[in-house]
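data12.pdb follows (PDB, C-alpha atoms, pLDDT in the B column):
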ATOM      1  CA  MET Z   1      74.719  90.669 185.875  1.00 85.00           C
ATOM      2  CA  ALA Z   2      76.599  92.920 183.455  1.00 88.00           C
ATOM      3  CA  SER Z   3      75.030  95.687 181.422  1.00 90.00           C
ATOM      4  CA  LEU Z   4      75.944  97.186 178.059  1.00 89.00           C
ATOM      5  CA  THR Z   5      75.288 100.576 176.495  1.00 91.00           C
ATOM      6  CA  ILE Z   6      75.339 100.758 172.713  1.00 90.00           C
ATOM      7  CA  ARG Z   7      75.771 104.177 171.148  1.00 92.00           C
ATOM      8  CA  ASN Z   8      75.309 105.393 167.568  1.00 93.00           C
ATOM      9  CA  LEU Z   9      72.964 102.646 166.365  1.00 90.00           C
ATOM     10  CA  GLY Z  10      71.205 104.962 163.941  1.00 93.00           C
ATOM     11  CA  ASP Z  11      67.503 105.651 163.591  1.00 94.00           C
ATOM     12  CA  ASP Z  12      66.884 102.953 160.968  1.00 95.00           C
ATOM     13  CA  LEU Z  13      68.479 100.236 163.088  1.00 94.00           C
ATOM     14  CA  MET Z  14      66.573 101.347 166.198  1.00 94.00           C
ATOM     15  CA  LEU Z  15      63.300 101.277 164.257  1.00 95.00           C
ATOM     16  CA  ARG Z  16      64.025  97.775 162.919  1.00 95.00           C
ATOM     17  CA  LEU Z  17      64.878  96.601 166.437  1.00 95.00           C
ATOM     18  CA  ARG Z  18      61.648  98.123 167.793  1.00 95.00           C
ATOM     19  CA  VAL Z  19      59.554  96.436 165.055  1.00 96.00           C
ATOM     20  CA  ARG Z  20      61.292  93.072 165.529  1.00 95.00           C
ATOM     21  CA  ALA Z  21      60.796  93.254 169.292  1.00 96.00           C
ATOM     22  CA  ALA Z  22      57.093  94.009 168.813  1.00 96.00           C
ATOM     23  CA  GLU Z  23      56.731  91.082 166.389  1.00 96.00           C
ATOM     24  CA  HIS Z  24      58.211  88.738 169.006  1.00 94.00           C
ATOM     25  CA  GLY Z  25      56.352  90.307 171.918  1.00 96.00           C
ATOM     26  CA  HIS Z  26      59.599  91.420 173.590  1.00 93.00           C
ATOM     27  CA  SER Z  27      60.957  94.670 174.862  1.00 95.00           C
ATOM     28  CA  MET Z  28      63.737  96.151 172.711  1.00 94.00           C
ATOM     29  CA  GLU Z  29      66.216  95.218 175.428  1.00 94.00           C
ATOM     30  CA  GLU Z  30      65.075  91.571 175.492  1.00 95.00           C
ATOM     31  CA  GLU Z  31      65.107  91.426 171.694  1.00 95.00           C
ATOM     32  CA  ALA Z  32      68.688  92.730 171.636  1.00 94.00           C
ATOM     33  CA  ARG Z  33      69.666  90.034 174.167  1.00 94.00           C
ATOM     34  CA  ALA Z  34      67.996  87.357 172.021  1.00 93.00           C
ATOM     35  CA  ILE Z  35      69.811  88.580 168.910  1.00 93.00           C
ATOM     36  CA  LEU Z  36      73.154  88.532 170.724  1.00 92.00           C
ATOM     37  CA  ARG Z  37      72.507  85.056 172.175  1.00 90.00           C
ATOM     38  CA  THR Z  38      71.601  83.669 168.759  1.00 88.00           C
ATOM     39  CA  ALA Z  39      74.520  85.316 166.972  1.00 87.00           C
ATOM     40  CA  LEU Z  40      77.077  84.207 169.518  1.00 86.00           C
ATOM     41  CA  ASN Z  41      75.799  80.628 169.739  1.00 83.00           C
ATOM     42  CA  GLU Z  42      75.676  80.113 165.957  1.00 71.00           C
ATOM     43  CA  HIS Z  43      79.319  80.948 165.393  1.00 62.00           C
ATOM     44  CA  ARG Z  44      80.815  78.512 167.872  1.00 66.00           C
ATOM     45  CA  SER Z  45      82.784  75.788 166.189  1.00 66.00           C
ATOM     46  CA  PRO Z  46      81.293  72.406 166.969  1.00 62.00           C
ATOM     47  CA  ALA Z  47      83.556  70.131 168.968  1.00 75.00           C
ATOM     48  CA  ASN Z  48      82.457  67.264 166.738  1.00 85.00           C
ATOM     49  CA  LEU Z  49      81.117  68.050 163.269  1.00 86.00           C
ATOM     50  CA  SER Z  50      79.191  64.803 162.864  1.00 87.00           C
ATOM     51  CA  ARG Z  51      77.382  65.366 166.191  1.00 86.00           C
ATOM     52  CA  ALA Z  52      76.544  68.930 165.177  1.00 83.00           C
ATOM     53  CA  ILE Z  53      75.079  67.734 161.858  1.00 86.00           C
ATOM     54  CA  ARG Z  54      73.137  64.952 163.573  1.00 85.00           C
ATOM     55  CA  ALA Z  55      71.750  67.391 166.179  1.00 85.00           C
ATOM     56  CA  ARG Z  56      70.628  69.768 163.448  1.00 85.00           C
ATOM     57  CA  PHE Z  57      68.787  67.138 161.402  1.00 87.00           C
ATOM     58  CA  ALA Z  58      67.631  64.682 164.111  1.00 87.00           C
ATOM     59  CA  PRO Z  59      64.349  66.535 164.746  1.00 87.00           C
ATOM     60  CA  LEU Z  60      63.379  65.953 161.092  1.00 87.00           C
ATOM     61  CA  GLY Z  61      63.425  62.174 161.529  1.00 85.00           C
ATOM     62  CA  GLY Z  62      65.420  59.469 159.850  1.00 80.00           C
ATOM     63  CA  VAL Z  63      65.301  57.884 156.432  1.00 82.00           C
ATOM     64  CA  GLU Z  64      65.646  54.181 155.820  1.00 85.00           C
ATOM     65  CA  LEU Z  65      67.272  53.493 152.478  1.00 87.00           C
ATOM     66  CA  GLN Z  66      67.144  50.214 150.618  1.00 90.00           C
ATOM     67  CA  ILE Z  67      70.742  49.410 149.745  1.00 90.00           C
ATOM     68  CA  PRO Z  68      70.936  47.228 146.627  1.00 91.00           C
ATOM     69  CA  PRO Z  69      73.251  44.191 146.684  1.00 92.00           C
ATOM     70  CA  ARG Z  70      76.651  44.647 145.125  1.00 91.00           C
ATOM     71  CA  ASP Z  71      77.726  42.820 141.998  1.00 91.00           C
ATOM     72  CA  PRO Z  72      80.953  40.846 142.173  1.00 92.00           C
ATOM     73  CA  MET Z  73      84.056  42.780 141.206  1.00 91.00           C
ATOM     74  CA  ARG Z  74      85.190  42.520 137.605  1.00 91.00           C
ATOM     75  CA  GLU Z  75      88.553  41.093 136.745  1.00 91.00           C
ATOM     76  CA  PRO Z  76      91.119  43.836 136.115  1.00 90.00           C
ATOM     77  CA  PRO Z  77      92.181  44.342 132.485  1.00 91.00           C
ATOM     78  CA  VAL Z  78      95.329  42.609 131.366  1.00 90.00           C
ATOM     79  CA  ALA Z  79      97.920  44.843 129.709  1.00 87.00           C
ATOM     80  CA  THR Z  80      99.675  43.380 126.698  1.00 85.00           C
ATOM     81  CA  PHE Z  81     102.791  44.838 125.130  1.00 80.00           C
ATOM     82  CA  SER Z  82     104.549  43.767 121.987  1.00 74.00           C
ATOM     83  CA  GLY Z  83     108.273  43.166 122.199  1.00 66.00           C
ATOM     84  CA  ALA Z  84     110.541  42.138 125.022  1.00 62.00           C
ATOM     85  CA  PRO Z  85     110.280  43.878 128.372  1.00 61.00           C
ATOM     86  CA  GLY Z  86     112.314  47.069 128.462  1.00 61.00           C
ATOM     87  CA  THR Z  87     112.509  47.398 124.670  1.00 58.00           C
ATOM     88  CA  ARG Z  88     109.309  49.243 124.066  1.00 57.00           C
ATOM     89  CA  GLY Z  89     109.869  52.205 121.807  1.00 55.00           C
ATOM     90  CA  ARG Z  90     113.470  51.261 120.875  1.00 55.00           C
ATOM     91  CA  HIS Z  91     114.572  50.891 117.290  1.00 56.00           C
ATOM     92  CA  ASP Z  92     117.367  48.409 116.607  1.00 53.00           C
ATOM     93  CA  HIS Z  93     119.347  48.943 113.432  1.00 53.00           C
TER
END

Mind converting the file's structure to structure tokens?
Amino acid sequence: MASLTIRNLGDDLMLRLRVRAAEHGHSMEEEARAILRTALNEHRSPANLSRAIRARFAPLGGVELQIPPRDPMREPPVATFSGAPGTRGRHDH
């Protein structure tokens, strides 16, 4: 297994890591591993977007929607023009 040394984290960041580790009942080292695992797994592009969305929301359960019946389509409007075809807008003198 590989190891990693991180230098120059700063006192504030070390304190926040220590507090977060204590909140989760982990050592600072285990908390850092968990943070890295989470960060690196979240930014992977899903191979299939619809599967990724379904996997995210599946634990919440489904919703059955009542789909109302559709009305028949209306007839399209009929365009009427005055004058012979191709003469619209012309002025004969």

Looking at Z:Leu49, Z:Met28, Z:Pro59, Z:Ala79, which one is nearest to Leu13 of chain Z, with distances taken over all atoms listed in the file?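 Smallest distance to Leu13 of chain Z is found for Z:Met28.
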
Neighbouring residues of Glu31 of chain Z were defined as those with any atom within 9 Å, considering all atoms listed in the file; residues of the same chain fewer than 6 positions away were excluded. Please report them as a PyMOL selection string. chain Z and resi 17-18+20-22+24-25

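Note that atom CA of Ile35 of chain Z and atom CA of Gly61 of chain Z are 28.2 Å apart.
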
Report, in Å with one decimal, the straight-line distance from atom CA of Leu36 of chain Z to atom CA of Ile53 of chain Z.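 Going from atom CA of Leu36 of chain Z over to atom CA of Ile53 of chain Z covers 22.7 Å.
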
What does the distance between atom CA of Asn41 of chain Z and atom CA of Arg7 of chain Z come to in Å, to one decimal place?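 Value for the atom CA of Asn41 of chain Z-atom CA of Arg7 of chain Z distance: 23.6 Å.
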
Let me have the centre and edge lengths in Å, one decimal, of the box along x, y and z around every listed atom of segment 79-82 of chain Z with 4 Å of margin on each side, as JSON.
{"center_x": 101.2, "center_y": 44.1, "center_z": 125.8, "size_x": 14.6, "size_y": 9.5, "size_z": 15.7}
